[in-house]
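Undergrad: So that you have it, the file is work.csv, and it contains CSV, C-alpha atoms:
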```csv
chain,number,residue,atom,x,y,z
A,10,MET,CA,-28.2,11.7,-1.9
A,11,ALA,CA,-26.6,13.8,0.9
A,12,LEU,CA,-23.3,15.5,1.9
A,13,PHE,CA,-21.4,15.0,5.2
A,14,GLU,CA,-18.7,17.4,6.3
A,15,HIS,CA,-15.8,16.3,8.5
A,16,GLY,CA,-12.6,18.2,8.8
A,17,THR,CA,-11.6,19.4,5.3
A,18,SER,CA,-13.7,16.8,3.6
A,19,ARG,CA,-17.2,16.9,2.2
A,20,ILE,CA,-18.4,13.4,1.6
A,21,TYR,CA,-21.1,12.5,-1.0
A,22,TYR,CA,-23.2,9.5,0.0
A,23,GLU,CA,-26.4,7.7,-0.9
A,24,GLU,CA,-28.5,5.3,1.1
A,25,HIS,CA,-30.5,2.3,-0.4
A,26,GLY,CA,-32.2,-0.7,1.1
A,27,SER,CA,-32.8,-1.7,4.7
A,28,GLY,CA,-31.4,-4.2,7.1
A,29,ASP,CA,-27.9,-4.5,8.6
A,30,PRO,CA,-25.9,-1.4,7.6
A,31,VAL,CA,-23.2,-1.8,4.9
A,32,LEU,CA,-20.7,1.0,4.1
A,33,LEU,CA,-19.6,0.6,0.5
A,34,LEU,CA,-16.5,2.5,-0.6
A,35,PRO,CA,-14.9,2.7,-4.1
A,36,GLY,CA,-11.3,3.5,-4.8
A,37,PHE,CA,-9.1,6.5,-5.6
A,38,ALA,CA,-10.6,8.5,-8.5
A,39,GLY,CA,-13.6,6.2,-8.6
A,40,SER,CA,-17.2,6.7,-7.6
A,41,ILE,CA,-20.2,4.8,-6.2
A,42,THR,CA,-21.6,4.9,-9.8
A,43,GLU,CA,-19.0,2.4,-10.8
A,44,LEU,CA,-20.2,0.0,-8.1
A,45,SER,CA,-23.9,0.4,-9.0
A,46,VAL,CA,-24.4,-3.3,-9.9
A,47,LEU,CA,-22.9,-4.4,-6.6
A,48,ARG,CA,-24.7,-1.7,-4.7
A,49,GLU,CA,-28.1,-2.9,-6.1
A,50,ALA,CA,-27.4,-6.5,-5.3
A,51,LEU,CA,-26.4,-5.6,-1.7
A,52,ALA,CA,-29.4,-3.2,-1.2
A,53,ALA,CA,-31.8,-6.0,-1.8
A,54,ARG,CA,-31.0,-7.3,1.6
A,55,TYR,CA,-29.1,-4.6,3.5
A,56,ARG,CA,-29.1,-0.9,4.2
A,57,VAL,CA,-26.3,0.2,1.9
A,58,ILE,CA,-24.5,3.5,2.6
A,59,ALA,CA,-22.5,4.1,-0.5
A,60,ALA,CA,-20.0,7.0,-0.4
A,61,ASP,CA,-17.3,8.5,-2.5
A,62,LEU,CA,-13.8,9.0,-1.0
A,63,PRO,CA,-12.8,12.6,-0.3
A,64,GLY,CA,-11.3,14.1,-3.5
A,65,SER,CA,-13.0,11.5,-5.7
A,66,GLY,CA,-16.4,11.1,-7.3
A,67,ARG,CA,-18.7,13.8,-6.0
A,68,SER,CA,-16.8,14.2,-2.7
A,69,GLU,CA,-14.7,17.2,-2.1
A,70,PRO,CA,-12.2,19.0,-2.0
A,71,GLN,CA,-11.3,18.8,-5.6
A,72,PRO,CA,-8.5,18.8,-6.5
A,73,ARG,CA,-7.5,17.3,-3.1
A,74,GLU,CA,-4.2,18.1,-1.5
A,75,TYR,CA,-3.4,14.6,-0.2
A,76,THR,CA,-1.3,14.5,3.0
A,77,PRO,CA,0.7,11.5,4.4
A,78,THR,CA,-2.0,10.9,6.9
A,79,PHE,CA,-4.9,10.9,4.4
A,80,TYR,CA,-5.8,7.2,4.8
A,81,GLU,CA,-6.1,7.7,8.6
A,82,ASP,CA,-8.0,10.9,8.1
A,83,ASP,CA,-10.5,9.3,5.8
A,84,ALA,CA,-11.0,6.4,8.2
A,85,ARG,CA,-11.9,8.9,10.9
A,86,SER,CA,-14.2,10.8,8.5
A,87,PHE,CA,-16.2,7.6,7.6
A,88,ALA,CA,-16.4,6.5,11.2
A,89,ALA,CA,-17.9,10.0,12.0
A,90,LEU,CA,-20.4,9.5,9.1
A,91,LEU,CA,-21.5,6.2,10.6
A,92,GLN,CA,-21.9,7.8,14.0
A,93,GLN,CA,-23.9,10.7,12.4
A,94,LEU,CA,-26.2,8.2,10.7
A,95,GLU,CA,-26.6,6.3,14.0
A,96,SER,CA,-26.2,3.1,12.0
A,97,GLY,CA,-24.7,1.0,14.7
A,98,PRO,CA,-21.9,-1.5,13.8
A,99,ALA,CA,-21.6,-1.7,10.0
A,100,HIS,CA,-20.2,-4.2,7.5
A,101,LEU,CA,-17.5,-2.4,5.5
A,102,VAL,CA,-17.1,-3.3,1.8
A,103,GLY,CA,-14.4,-1.5,0.0
A,104,PHE,CA,-12.4,-1.6,-3.2
A,105,SER,CA,-8.7,-0.6,-3.4
A,106,ASP,CA,-8.3,2.6,-1.4
A,107,GLY,CA,-11.8,2.1,-0.1
A,108,GLY,CA,-10.6,-1.3,1.2
A,109,GLU,CA,-7.6,0.3,2.8
A,110,VAL,CA,-9.8,2.8,4.6
A,111,SER,CA,-12.1,0.0,5.7
A,112,LEU,CA,-9.2,-1.9,7.2
A,113,LEU,CA,-8.0,1.2,9.1
A,114,MET,CA,-11.5,1.8,10.4
A,115,ALA,CA,-11.4,-1.7,11.9
A,116,THR,CA,-8.2,-0.7,13.8
A,117,GLN,CA,-9.3,2.8,14.8
A,118,ALA,CA,-13.0,2.3,15.7
A,119,PRO,CA,-13.7,-1.5,16.2
A,120,GLU,CA,-17.0,-0.7,17.9
A,121,LEU,CA,-18.3,0.6,14.6
A,122,VAL,CA,-17.2,-2.3,12.5
A,123,ARG,CA,-19.1,-5.6,12.2
A,124,SER,CA,-16.9,-7.1,9.4
A,125,VAL,CA,-14.6,-6.0,6.6
A,126,ALA,CA,-14.6,-7.3,3.0
A,127,ALA,CA,-12.1,-5.7,0.7
A,128,TRP,CA,-10.7,-6.4,-2.8
A,129,GLY,CA,-7.5,-4.8,-4.2
A,130,ALA,CA,-6.2,-3.8,-0.7
A,131,ALA,CA,-3.1,-5.1,1.1
A,132,GLY,CA,-2.5,-2.8,4.1
A,133,THR,CA,0.9,-1.7,2.6
A,134,LEU,CA,2.4,0.2,-0.3
A,135,PRO,CA,5.4,-1.7,-1.5
A,136,GLU,CA,8.4,-0.2,-3.4
A,137,GLU,CA,7.4,-2.3,-6.4
A,138,GLN,CA,4.7,0.2,-7.0
A,139,LEU,CA,7.1,3.0,-7.8
A,140,PRO,CA,7.3,2.4,-11.6
A,141,LEU,CA,3.5,2.4,-11.7
A,142,LEU,CA,3.4,5.7,-9.7
A,143,ASP,CA,5.8,7.2,-12.3
A,144,ALA,CA,3.3,6.3,-15.0
A,145,LEU,CA,0.3,7.5,-13.0
A,146,TYR,CA,2.1,10.9,-12.5
A,147,GLU,CA,2.1,11.4,-16.3
A,148,VAL,CA,-1.3,9.7,-16.9
A,149,ILE,CA,-3.0,12.8,-18.2
A,150,ASP,CA,-0.3,14.0,-20.6
A,151,ASN,CA,1.6,10.9,-21.5
A,152,PRO,CA,-0.4,7.8,-20.6
A,153,ILE,CA,1.2,4.4,-21.2
A,154,GLU,CA,-0.9,1.7,-22.9
A,155,PRO,CA,-2.4,0.0,-19.8
A,156,LEU,CA,-3.5,3.4,-18.4
A,157,GLU,CA,-4.9,5.0,-21.6
A,158,GLY,CA,-8.5,4.1,-20.7
A,159,PHE,CA,-8.0,5.4,-17.2
A,160,SER,CA,-6.6,8.6,-18.5
A,161,GLU,CA,-9.7,9.2,-20.7
A,162,HIS,CA,-11.9,8.4,-17.7
A,163,LEU,CA,-10.1,10.9,-15.5
A,164,LYS,CA,-10.4,13.7,-18.0
A,165,ALA,CA,-14.0,13.0,-18.7
A,166,GLU,CA,-15.0,12.8,-15.1
A,167,TYR,CA,-12.9,15.6,-13.6
A,168,GLY,CA,-11.6,17.8,-16.4
A,169,GLU,CA,-8.0,17.8,-17.6
A,170,ALA,CA,-6.6,20.3,-15.1
A,171,ASN,CA,-8.3,18.8,-12.1
A,172,ALA,CA,-7.4,15.3,-13.1
A,173,ARG,CA,-3.7,16.3,-13.6
A,174,ALA,CA,-3.6,18.0,-10.1
A,175,MET,CA,-5.4,15.1,-8.3
A,176,THR,CA,-3.2,12.4,-9.7
A,177,ARG,CA,0.0,14.3,-9.2
A,178,ASN,CA,-0.9,15.2,-5.6
A,179,PHE,CA,-1.9,11.6,-4.9
A,180,VAL,CA,1.3,10.2,-6.4
A,181,ASN,CA,3.6,12.6,-4.6
A,182,THR,CA,2.0,11.6,-1.3
A,183,ILE,CA,2.1,7.9,-2.0
A,184,ARG,CA,5.8,8.2,-2.8
A,185,THR,CA,6.3,9.8,0.6
A,186,ILE,CA,4.4,7.0,2.3
A,187,ILE,CA,6.5,4.4,0.5
A,188,ALA,CA,9.7,6.2,1.5
A,189,ASN,CA,8.5,6.0,5.1
A,190,GLY,CA,8.1,2.2,4.9
A,191,GLY,CA,4.8,2.0,3.1
A,192,ASP,CA,2.6,1.0,6.0
A,193,ILE,CA,-1.1,1.7,6.0
A,194,SER,CA,-2.7,-0.9,8.3
A,195,LEU,CA,-0.3,-3.9,8.0
A,196,SER,CA,1.5,-3.1,11.3
A,197,LYS,CA,-1.9,-2.8,13.1
A,198,ALA,CA,-3.5,-5.8,11.4
A,199,GLY,CA,-2.9,-8.1,14.4
A,200,GLY,CA,-5.3,-6.0,16.4
A,201,ILE,CA,-8.3,-6.4,14.1
A,202,THR,CA,-10.9,-8.4,15.9
A,203,CYS,CA,-13.8,-8.5,13.4
A,204,PRO,CA,-14.2,-11.0,10.6
A,205,VAL,CA,-12.2,-10.0,7.5
A,206,LEU,CA,-12.4,-11.2,3.9
A,207,LEU,CA,-9.6,-10.2,1.5
A,208,ILE,CA,-10.2,-10.7,-2.2
A,209,VAL,CA,-7.5,-10.2,-4.9
A,210,GLY,CA,-7.4,-10.7,-8.7
A,211,GLU,CA,-4.9,-13.2,-10.0
A,212,HIS,CA,-3.5,-10.5,-12.3
A,213,ASP,CA,-3.8,-7.5,-10.0
A,214,PHE,CA,-0.6,-5.6,-10.8
A,215,ILE,CA,-1.5,-2.7,-8.5
A,216,CYS,CA,-2.1,-4.9,-5.4
A,217,PRO,CA,-0.4,-8.3,-6.2
A,218,PRO,CA,-1.7,-11.5,-4.5
A,219,PRO,CA,1.5,-12.1,-2.4
A,220,PHE,CA,1.0,-8.8,-0.6
A,221,VAL,CA,-2.7,-9.6,0.1
A,222,ALA,CA,-1.7,-13.0,1.4
A,223,GLN,CA,0.9,-11.4,3.7
A,224,LEU,CA,-1.9,-9.2,5.2
A,225,ALA,CA,-4.2,-12.1,5.6
A,226,THR,CA,-1.6,-13.9,7.8
A,227,ARG,CA,-1.5,-10.9,10.1
A,228,ILE,CA,-5.2,-10.7,10.8
A,229,PRO,CA,-6.6,-13.3,13.1
A,230,GLY,CA,-9.0,-15.6,11.3
A,231,ALA,CA,-8.9,-13.6,8.1
A,232,GLU,CA,-10.1,-15.3,4.9
A,233,ALA,CA,-8.3,-14.7,1.6
A,234,ILE,CA,-9.5,-15.5,-2.0
A,235,GLU,CA,-7.5,-15.2,-5.2
A,236,VAL,CA,-9.8,-14.7,-8.2
A,237,GLU,CA,-8.6,-16.6,-11.3
A,238,GLY,CA,-8.4,-14.5,-14.4
A,239,ALA,CA,-9.3,-11.2,-12.6
A,240,GLY,CA,-7.2,-8.0,-12.4
A,241,HIS,CA,-7.5,-5.1,-9.9
A,242,PRO,CA,-11.2,-4.3,-10.5
A,243,VAL,CA,-12.7,-7.6,-9.6
A,244,HIS,CA,-16.1,-5.9,-9.7
A,245,ASP,CA,-15.6,-5.3,-13.4
A,246,ASP,CA,-13.9,-8.6,-14.2
A,247,ARG,CA,-16.1,-11.0,-12.2
A,248,PRO,CA,-19.2,-8.9,-11.2
A,249,GLU,CA,-21.7,-11.8,-10.6
A,250,TRP,CA,-19.1,-13.8,-8.7
A,251,LEU,CA,-18.2,-10.9,-6.5
A,252,ALA,CA,-21.8,-10.0,-5.7
A,253,ARG,CA,-22.6,-13.6,-4.8
A,254,THR,CA,-19.5,-14.0,-2.7
A,255,LEU,CA,-20.1,-10.8,-0.7
A,256,LEU,CA,-23.8,-11.7,-0.1
A,257,ASP,CA,-22.7,-15.1,1.2
A,258,TRP,CA,-20.1,-13.4,3.4
A,259,LEU,CA,-22.5,-10.8,4.8
A,260,GLU,CA,-25.2,-13.5,5.4
A,261,LYS,CA,-22.7,-15.4,7.5
A,262,HIS,CA,-21.8,-12.4,9.6
A,263,GLN,CA,-25.1,-10.5,9.9
A,264,THR,CA,-27.0,-9.6,13.1
A,265,ARG,CA,-28.8,-12.6,14.5
```
So that I can check it, write out the structure of this file as structure tokens.
TA:
Amino acid sequence: MALFEHGTSRIYYEEHGSGDPVLLLPGFAGSITELSVLREALAARYRVIAADLPGSGRSEPQPREYTPTFYEDDARSFAALLQQLESGPAHLVGFSDGGEVSLLMATQAPELVRSVAAWGAAGTLPEEQLPLLDALYEVIDNPIEPLEGFSEHLKAEYGEANARAMTRNFVNTIRTIIANGGDISLSKAGGITCPVLLIVGEHDFICPPPFVAQLATRIPGAEAIEVEGAGHPVHDDRPEWLARTLLDWLEKHQTR
């Protein structure tokens, strides 16, 4: 375990295994602990650099004051981490916001990215997410039924006050990004030159399949897979399938 400082962020990361480097990123409010099964599967064949997003897991600052450029800022921070570790071009594997950051890294620093595999990421934040954001804003004090488990998770992991601040700061900034058109990487996707695999759960209400399909059409040669019966966290709903699919993908695109 180690910490890497870049700008205002202090990133917690761990390294496991050997071989081609793989940067593994969880989503907002998540941690690498939640991806432990996948991390172990990947580390059997690869050098896995698993890191928490700034403001989440064991990375700082907490609570984070999210800015409208936080996706781009995080992409630059993780590019700097790869340079610090002298990993050479890495495969990027990311869930949700970790996937969004991975796609941005492919546009900002293509020399550092060998491939991208993301699930629950669409390169854009549509207006359809606004009702969900309203619910997320109140998730600590008045959680609606689909978010009750998430509310308890947040309070247990971060403490009530920190969890309330982090979710409200996040929601306010996401609303601003949506008001400005919602673009994260969609407008830049045509310039991504590395291989890209986009995975989405059939019932993902946070990142619906049509938006992932839209992103796939923008990236030259991108592959897209819709996972039957799965929701947003495909790693929870179909863990064995996801591990096998990612290992096959990385095998196809590893250094020869």
Undergrad: With all atoms listed in the file as the basis for distance, which of A:Arg184, A:Arg173, A:Arg247, A:Arg19 is at the shortest distance from Leu134 (chain A)?
TA: A:Arg184
Undergrad: Quick one: everything within 8 Å of Leu62 (chain A), counting only C-alpha atoms, minus sequence neighbours fewer than 6 positions away in the same chain. Send it as a list in words.
TA: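 Here the answer would be Ile20, Leu34, Pro35, Gly36, Phe37, Ser40, Ser68, Asp83 and Gly107 of chain A.
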Undergrad: Any idea what the distance is between CA of Asp61 (chain A) and CA of Val180 (chain A)?
TA: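 For CA of Asp61 (chain A) relative to CA of Val180 (chain A), the distance reads 19.1 Å.
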Undergrad: List every residue of region 131-191 of chain A that has an atom at most 12 Å from any atom of region 197-208 of chain A, giving for each one its closest atom pair and the distance in Å to one decimal, counting only C-alpha atoms, sorted by chain and then by ascending residue number, as a tab-separated table.
TA:
```
residue	atom	partner	partner_atom	distance
A:Ala131	CA	A:Leu207	CA	8.3
A:Gly132	CA	A:Ala198	CA	8.0
A:Thr133	CA	A:Ala198	CA	10.7
```
Undergrad: In Å to one decimal, how far is CA of Asp213 (chain A) from CA of Arg177 (chain A)?
TA: 22.1 Å
Undergrad: Find the residues around Met10 (chain A) up to 10 Å (only C-alpha atoms counted), leave out those fewer than 3 positions away in its own chain, and share them as a list in words.
TA: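 Surrounding residues, per the criterion: Tyr21, Tyr22, Glu23, Glu24, His25, Ala59 and Ala60 of chain A.
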